[in-house]
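Only one structure is covered here, and it is reproduced in the block below.
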Amino acid sequence: MAMTRSQFKKQLQDGLNTVFGLEYKMRPEVWRGYMNVETENRKAYLEDVLMAGLGAAAIKAEGAGVTYDSTSESYTARYIFETIALAFAITEEAEEDGLYGSIGRKLSRAMARSYKHTIATRVANILNNGFDSDYTGGDGVELFSASHALKSGGNGSNILTNAADLSETSLEDLMIQVANTTDDRGLPIDMETQTLVIPTALRFTAHRILKSTGRVDTANNDINAIKDMGLLPGGVVIDKRLTDTDAWFVTTDCPDGLKYIDRKPVATKMEGDFETGNLRYKCRGRSIQGWSDWRGAFGTPGG
């Protein structure tokens with residue numbers, strides 16, 4: 001239903017100083033600091049399949065035959081693109097009689113902000129739901145779990161062994177866990193941490209941990225090892241759409257971890273209806289977000 005002049009009475013008369021509430025300062029989309037962004041131009045969906053490697057090479061005795069190994073595909077992560085859209089309509093008279101600039105143009109900017117909010121929330125929910133068994137990945141378990149089945153047997157883990165609030169010690173423990181991670185055949189991976197992702201409630205704690213020259217909350221004259229070794233080259237991303245004030249996460253340089261895939265970038269359209277004269281505005285895009293390799297992110301729900 002089109003919005004009419006009755007919904008914009010103040011903007012149809014003299015004396016109005018300003019119209020506020022539709023726009024606020026637009027900052028860069030923070031989720032781009034911890035997601036791998038890809039594009040796809042043709043397909044309705046994409047699949048990432050885990051291909052387990054080979055085990056360690058064996059010693060071959062003189063005159064003996066070589067040891068053969070075999071492997072196969074493991075789990076598949078499927079990305080089915082979804083359409084995100086929003087629209088509004090305004091009468092021709094309301095647009096004509098507005099004295100303070102185009103009402104439709106103002107609402108178009110608000111519509112763009114709403115679209116960005118939806119995308120940002122959906123991306124953040126990958127982490128928000130990362131400990132929930134109702135949200136599983138290709139291997140059948142939630143993102144942050146100690147039960148990621150390995151081809152070689154046993155399980156891999158990307159959840160802090162002992163849940164803990166963010167501190168220098170707990171961050172170091174998680175980084176050690178990242179450094180000790182193996183592939184599906186049990187071979188060590190040369191994988192490094194990249195970015196610390198936190199809710200707003202932890203911004204001051206993170207700043208003290210990462211910016212202090214010495215160790216935090218101690219009188220010992222030790223260096224800040226995390227800062228000195230440059231173990232978080234991506235810095236800190238503060239995502240205000242993370243809902244748990246205690247949970248925190250670390251991303252890695254694993255190539256197929258957390259993913260945002262753009263199928264159709266957001267586009268806006270405006271058209272007028274011949275009979276009514278109503279002006280209709282719409283924004284629409286297609287994308288999907290998720291994860292393929294659980295090694296792309298490690299986390300803990302906090303203490």
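A note on labels: chains of the structure tokens are A, B, ... as shown, every chain counts residues from 1, and ligands are counted from 1 in their shown order.
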
> Residues at most 10 Å from Val197 (chain A), counting only C-alpha atoms, excluding those fewer than 4 positions away in the same chain, as a list of chain:residue names?
Replying inline: A:Val30, A:Trp31, A:Gly33, A:Tyr34, A:Leu127, A:Leu202, A:Arg203, A:Ala206, A:Gly234, A:Gly235, A:Val236, A:Val237, A:Ile238, A:Asp239, A:Leu242, A:Ala247, A:Trp248, A:Phe249, A:Val250, A:Thr251, A:Ala297, A:Gly299

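Closest approach to Ala112 (chain A) from the set A:Leu86, A:Leu187, A:Ile209, A:Ser74 is made by A:Leu86, with distances taken over only C-alpha atoms.
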
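Of the listed residues A:Asn125, A:Ser157, A:Thr39, A:Leu171, the one whose atoms come nearest to Val141 (chain A) is A:Ser157, with distances taken using only C-alpha atoms.
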
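Shortest separation to Arg286 (chain A) among A:Leu258, A:Leu210, A:Ala44, A:Ile84 occurs at residue A:Ile84, atoms counted being only C-alpha atoms.
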
Write out as a PDB file with N, CA, C and O atoms, in the first residue's frame each polymer residue whose atoms come within 12 Å of Arg208 (chain A), counting only C-alpha atoms; drop sequence neighbours fewer than 3 positions from it.
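File produced: part34.pdb:
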```pdb
ATOM      1  N   LEU A 166      37.420 -13.843  27.484  1.00  0.00           N
ATOM      2  CA  LEU A 166      38.570 -13.315  26.763  1.00  0.00           C
ATOM      3  C   LEU A 166      39.608 -12.779  27.736  1.00  0.00           C
ATOM      4  O   LEU A 166      39.330 -11.919  28.573  1.00  0.00           O
ATOM      5  N   SER A 167      40.816 -13.281  27.620  1.00  0.00           N
ATOM      6  CA  SER A 167      41.949 -12.814  28.409  1.00  0.00           C
ATOM      7  C   SER A 167      43.212 -13.123  27.625  1.00  0.00           C
ATOM      8  O   SER A 167      43.175 -13.824  26.597  1.00  0.00           O
ATOM      9  N   GLU A 168      44.318 -12.606  28.097  1.00  0.00           N
ATOM     10  CA  GLU A 168      45.585 -12.895  27.425  1.00  0.00           C
ATOM     11  C   GLU A 168      45.855 -14.394  27.422  1.00  0.00           C
ATOM     12  O   GLU A 168      46.251 -14.968  26.396  1.00  0.00           O
ATOM     13  N   LEU A 202      33.332  -6.513  24.630  1.00  0.00           N
ATOM     14  CA  LEU A 202      34.719  -6.918  24.867  1.00  0.00           C
ATOM     15  C   LEU A 202      35.739  -5.991  24.213  1.00  0.00           C
ATOM     16  O   LEU A 202      36.930  -6.291  24.194  1.00  0.00           O
ATOM     17  N   ARG A 203      35.287  -4.854  23.715  1.00  0.00           N
ATOM     18  CA  ARG A 203      36.206  -3.995  22.960  1.00  0.00           C
ATOM     19  C   ARG A 203      37.333  -3.451  23.828  1.00  0.00           C
ATOM     20  O   ARG A 203      38.481  -3.353  23.378  1.00  0.00           O
ATOM     21  N   PHE A 204      37.054  -3.103  25.069  1.00  0.00           N
ATOM     22  CA  PHE A 204      38.095  -2.546  25.937  1.00  0.00           C
ATOM     23  C   PHE A 204      39.054  -3.635  26.410  1.00  0.00           C
ATOM     24  O   PHE A 204      40.268  -3.417  26.485  1.00  0.00           O
ATOM     25  N   THR A 205      38.510  -4.820  26.707  1.00  0.00           N
ATOM     26  CA  THR A 205      39.369  -5.944  27.085  1.00  0.00           C
ATOM     27  C   THR A 205      40.333  -6.285  25.959  1.00  0.00           C
ATOM     28  O   THR A 205      41.534  -6.473  26.175  1.00  0.00           O
ATOM     29  N   LYS A 211      47.114  -4.099  22.670  1.00  0.00           N
ATOM     30  CA  LYS A 211      47.865  -2.858  22.509  1.00  0.00           C
ATOM     31  C   LYS A 211      48.893  -2.617  23.609  1.00  0.00           C
ATOM     32  O   LYS A 211      49.772  -1.761  23.459  1.00  0.00           O
ATOM     33  N   SER A 212      48.813  -3.365  24.695  1.00  0.00           N
ATOM     34  CA  SER A 212      49.781  -3.182  25.769  1.00  0.00           C
ATOM     35  C   SER A 212      51.165  -3.642  25.321  1.00  0.00           C
ATOM     36  O   SER A 212      51.302  -4.650  24.614  1.00  0.00           O
ATOM     37  N   THR A 213      52.177  -2.905  25.743  1.00  0.00           N
ATOM     38  CA  THR A 213      53.543  -3.299  25.408  1.00  0.00           C
ATOM     39  C   THR A 213      53.955  -4.535  26.199  1.00  0.00           C
ATOM     40  O   THR A 213      54.603  -5.441  25.676  1.00  0.00           O
ATOM     41  N   GLY A 214      53.578  -4.561  27.474  1.00  0.00           N
ATOM     42  CA  GLY A 214      53.880  -5.697  28.328  1.00  0.00           C
ATOM     43  C   GLY A 214      52.656  -6.561  28.533  1.00  0.00           C
ATOM     44  O   GLY A 214      51.585  -6.317  27.980  1.00  0.00           O
ATOM     45  N   ARG A 215      52.808  -7.576  29.354  1.00  0.00           N
ATOM     46  CA  ARG A 215      51.698  -8.472  29.640  1.00  0.00           C
ATOM     47  C   ARG A 215      50.609  -7.740  30.411  1.00  0.00           C
ATOM     48  O   ARG A 215      50.856  -6.779  31.135  1.00  0.00           O
ATOM     49  N   VAL A 216      49.404  -8.224  30.275  1.00  0.00           N
ATOM     50  CA  VAL A 216      48.243  -7.564  30.862  1.00  0.00           C
ATOM     51  C   VAL A 216      47.986  -8.098  32.272  1.00  0.00           C
ATOM     52  O   VAL A 216      48.097  -9.299  32.532  1.00  0.00           O
ATOM     53  N   ASP A 217      47.629  -7.180  33.180  1.00  0.00           N
ATOM     54  CA  ASP A 217      47.235  -7.534  34.555  1.00  0.00           C
ATOM     55  C   ASP A 217      48.313  -8.311  35.298  1.00  0.00           C
ATOM     56  O   ASP A 217      48.034  -9.270  36.024  1.00  0.00           O
ATOM     57  N   ASN A 224      54.475  -8.367  25.606  1.00  0.00           N
ATOM     58  CA  ASN A 224      53.186  -8.846  25.130  1.00  0.00           C
ATOM     59  C   ASN A 224      53.462  -9.731  23.917  1.00  0.00           C
ATOM     60  O   ASN A 224      53.680  -9.243  22.808  1.00  0.00           O
ATOM     61  N   ILE A 226      51.679 -11.784  22.068  1.00  0.00           N
ATOM     62  CA  ILE A 226      50.746 -11.767  20.934  1.00  0.00           C
ATOM     63  C   ILE A 226      51.034 -10.578  20.031  1.00  0.00           C
ATOM     64  O   ILE A 226      51.098 -10.703  18.807  1.00  0.00           O
ATOM     65  N   LYS A 227      51.239  -9.420  20.650  1.00  0.00           N
ATOM     66  CA  LYS A 227      51.536  -8.214  19.875  1.00  0.00           C
ATOM     67  C   LYS A 227      52.917  -8.312  19.248  1.00  0.00           C
ATOM     68  O   LYS A 227      53.098  -8.006  18.058  1.00  0.00           O
ATOM     69  N   VAL A 236      41.459  -6.514  15.131  1.00  0.00           N
ATOM     70  CA  VAL A 236      40.223  -6.817  15.853  1.00  0.00           C
ATOM     71  C   VAL A 236      39.029  -6.315  15.056  1.00  0.00           C
ATOM     72  O   VAL A 236      39.042  -5.189  14.558  1.00  0.00           O
TER      73      VAL A 236
END
```

>> Taking 3 positions as the minimum chain separation for residues in the same chain, which residues sit within 8 Å of Asp183 (chain A) when counting only C-alpha atoms? Answer as a PyMOL selection string.
In response: chain A and resi 52-53+150+186-189

> Using only C-alpha atoms, which of A:Gly140, A:Gly296, A:Leu174, A:Ala164 sits nearest Asp256 (chain A)?
Replying inline: A:Gly296

>> I need the residues of region 3-211 of chain A that end up classed as alpha helix (DSSP H) by DSSP on the backbone, written out as a VMD selection string.
In response: chain A and resid 92 to 97 103 to 128 168 to 179 203 to 211

> Leaving out Ile80 (chain A) and any residue of its chain fewer than 2 positions from it, which residues lie within 12 Å of it when counting only C-alpha atoms, given as a list in words?
Replying inline: Glu40, Lys43, Ala44, Tyr45, Leu46, Glu47, Asp48, Ala77, Arg78, Glu82, Thr83, Tyr260, Ile261, Asp262, Arg263, Arg286, Ser287, Ile288, Gln289 and Gly290 of chain A

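Between Lys240 (chain A) and the candidates A:Ala124, A:Ala94, A:Leu107, A:Ile59, the tightest atom-to-atom separation, counting only C-alpha atoms, involves A:Ala124.
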
>> I want to know what sits within 7 Å of Gly285 (chain A), based on only C-alpha atoms, with residues of the same chain fewer than 5 positions away left out; could you give that as a ChimeraX atom specification?
In response: /A:83-85,264-267

> Residues at most 12 Å from Gly55 (chain A), counting only C-alpha atoms, excluding those fewer than 3 positions away in the same chain, as a ChimeraX atom specification?
Replying inline: /A:52,58,67-71,151-153,182-188
